[in-house]
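Engineer: Can you keep this structure in mind? I'll have questions shortly.
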Amino acid sequence: MSHNCAVCDGSFDSEGGEQGIKCAGSCNKYYHARCIQRDVDGAKTRSFRDWRCRDCRASSATTPSQVSNESTKELLKALEDFKQQMFVELKSVRVELNELSGSMQFVSDKMDESTNLMKEKSNLEINGIPETPKENVSGLVRDVGVALGVEIQETDISTAHRVPSFNKDRIPPLIVQFSRRTVRDTLLNKFKDKKTMTAEQINAAFPAQKIYVSEHLTPENKMFLSKLKNKCKEIGYKFAWYKDGKFFVRKCEGERFIRIENDEELNKLK
């Protein structure tokens, strides 16, 4: 098959040794060597075998501005993706912080309420009753009364609630403020007479774990009572208790009780 030069349209003189130079690009056109001698870009190739004409070079070339535009587009897309991802993450964190704030406020409110209750002398603390969803706390208090043989009316309970515990393994205690001091004292004395009581005795659906009924102490008083009991164990005293805002110890049955008011008196105890 014969070809003509794509520059001068002249034929190739094979007898004279002149051969056509075929473009290495996609056009497949042929050229005289002399016709492409001035093609500077072509002259910079290692040989005419890998030479490409201007049209083929132009169609495959990518200008610096094109490269820059593509790079800018990719960068902007990456930044937009990152922004969207951060927006989702921050939204999730904001929701978690709001939930945490609400939980902390709930605990704070309950602790304030409990502190106000502790200023009164008509409160009881009941420990060990399992917590159930949507429970009726006042109803649980009346059930404790039934188990102890004490009739408690709805009007006898000023307020009743659980105090949140920071110890997740501990059942939140139930705090009760009675409208009448006599009801509280009767319930407390009945429990002391019974000595041992289980949650199952209050509700058959509850486990047979022990429950405890005691006066509601401030955190400071609880710490002092704990120190008092430890001291009594060290020196052989059998009884240590709290009643009506006062602390007492007794060495054994039949001995007179001793009132302990502060750390100094506690340390002198022997």
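Chain labels run A, B, ... following the order of the structure tokens; each chain numbers its residues from 1, and ligands are numbered from 1 in the order shown.
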Sort by chain and increasing residue number a table of all residues of range 161-241 of chain A within 9 Å of range 123-145 of chain A, each with its closest pair of atoms and their distance in Å to one decimal, counting only C-alpha atoms, and write it as a tab-separated table.
Structural biologist:
residue	atom	partner	partner_atom	distance
A:His161	CA	A:Val137	CA	6.2
A:Arg162	CA	A:Val137	CA	7.9
A:Arg170	CA	A:Gly128	CA	8.6
A:Ile171	CA	A:Gly128	CA	6.4
A:Pro172	CA	A:Asn127	CA	7.5
A:Pro173	CA	A:Asn127	CA	4.8
A:Leu174	CA	A:Ile126	CA	5.0
A:Ile175	CA	A:Glu125	CA	4.7
A:Val176	CA	A:Leu124	CA	5.2
A:Gln177	CA	A:Asn123	CA	4.4
A:Phe178	CA	A:Asn123	CA	6.3
A:Arg181	CA	A:Asn123	CA	8.5
A:Arg184	CA	A:Leu124	CA	7.0
A:Leu187	CA	A:Gly145	CA	6.7
A:Leu188	CA	A:Leu124	CA	7.9
A:Thr198	CA	A:Gly128	CA	8.3
A:Ala199	CA	A:Ile129	CA	5.7
A:Gln201	CA	A:Val144	CA	8.5
A:Ile202	CA	A:Asp143	CA	5.8
A:Asn203	CA	A:Asp143	CA	7.8
A:Phe206	CA	A:Pro130	CA	7.0
A:Pro207	CA	A:Pro130	CA	8.3
A:Gln209	CA	A:Gly128	CA	7.1
A:Lys210	CA	A:Gly128	CA	6.3
A:Ile211	CA	A:Gly128	CA	4.4
A:Tyr212	CA	A:Asn127	CA	5.1
A:Val213	CA	A:Ile126	CA	4.6
A:Ser214	CA	A:Glu125	CA	5.4
A:Glu215	CA	A:Leu124	CA	4.6
A:His216	CA	A:Leu124	CA	4.9
A:Leu217	CA	A:Glu125	CA	8.1
Engineer: Mind checking which residues fall within 6 Å of range 232-249 of chain A, counting only C-alpha atoms, ignoring those fewer than 6 positions away in the same chain, and posting them as a short mmCIF file (atom, residue, chain, number, x, y, z; two decimals) with N, CA, C and O atoms, in the first residue's frame?
Structural biologist:
data_model
loop_
_atom_site.label_atom_id
_atom_site.label_comp_id
_atom_site.auth_asym_id
_atom_site.auth_seq_id
_atom_site.Cartn_x
_atom_site.Cartn_y
_atom_site.Cartn_z
N PHE A 257 -25.34 2.56 128.11
CA PHE A 257 -24.88 3.05 126.81
C PHE A 257 -24.06 4.33 127.01
O PHE A 257 -24.19 5.04 128.02
N ILE A 258 -23.21 4.60 126.05
CA ILE A 258 -22.36 5.80 126.07
C ILE A 258 -22.64 6.60 124.79
O ILE A 258 -22.64 6.05 123.69
N ARG A 259 -22.86 7.87 124.95
CA ARG A 259 -23.08 8.73 123.77
C ARG A 259 -21.74 9.26 123.29
O ARG A 259 -20.93 9.76 124.09
N ILE A 260 -21.50 9.16 121.98
CA ILE A 260 -20.26 9.65 121.36
C ILE A 260 -20.62 10.82 120.44
O ILE A 260 -21.42 10.67 119.51
#
Engineer: So, counting only C-alpha atoms, which residue among A:Glu154, A:Glu220, A:Asp39, A:Asp9 is closest to Asn262 in chain A?
Structural biologist: A:Glu220
Engineer: Would you please give, as JSON, numbers by chain, all residues of range 151-206 of chain A that DSSP assigns to strand (DSSP E) based on the backbone?
Structural biologist: {"A": [157, 158, 159, 160, 161, 162, 174, 175, 176, 177, 178]}
Engineer: Name the residues in contact with Lys190 in chain A at a cut-off of 8 Å, using only C-alpha atoms, excluding same-chain residues fewer than 5 positions from it; report them as a list in words.
Structural biologist: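 The filter keeps Leu148, Gly149 and Val150 of chain A.
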Engineer: Between CA of Met223 in chain A and CA of Ala147 in chain A, what is the spacing in Å?
Structural biologist: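 One can read the CA of Ala147 in chain A to CA of Met223 in chain A distance as 29.9 Å.
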Engineer: Go through A:Met197, A:Cys8, A:Ile157, A:Val88 one by one, measure the shortest atom-to-atom distance of each to Ser179 in chain A using only C-alpha atoms, and give the residue with the smallest value.
Structural biologist: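 Nearest candidate to Ser179 in chain A out of A:Met197, A:Cys8, A:Ile157, A:Val88: A:Ile157.
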Engineer: Could you pull out the residues in range 125-179 of chain A that DSSP calls helix (DSSP H, G or I) from the backbone, as a list in words?
Structural biologist: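 Taking range 125-179 of chain A and keeping helix (DSSP H, G or I) gives Val137, Ser138, Gly139, Leu140, Val141, Arg142, Asp143, Val144, Gly145, Val146, Ala147, Leu148, Glu154, Thr155 and Asp156 of chain A.
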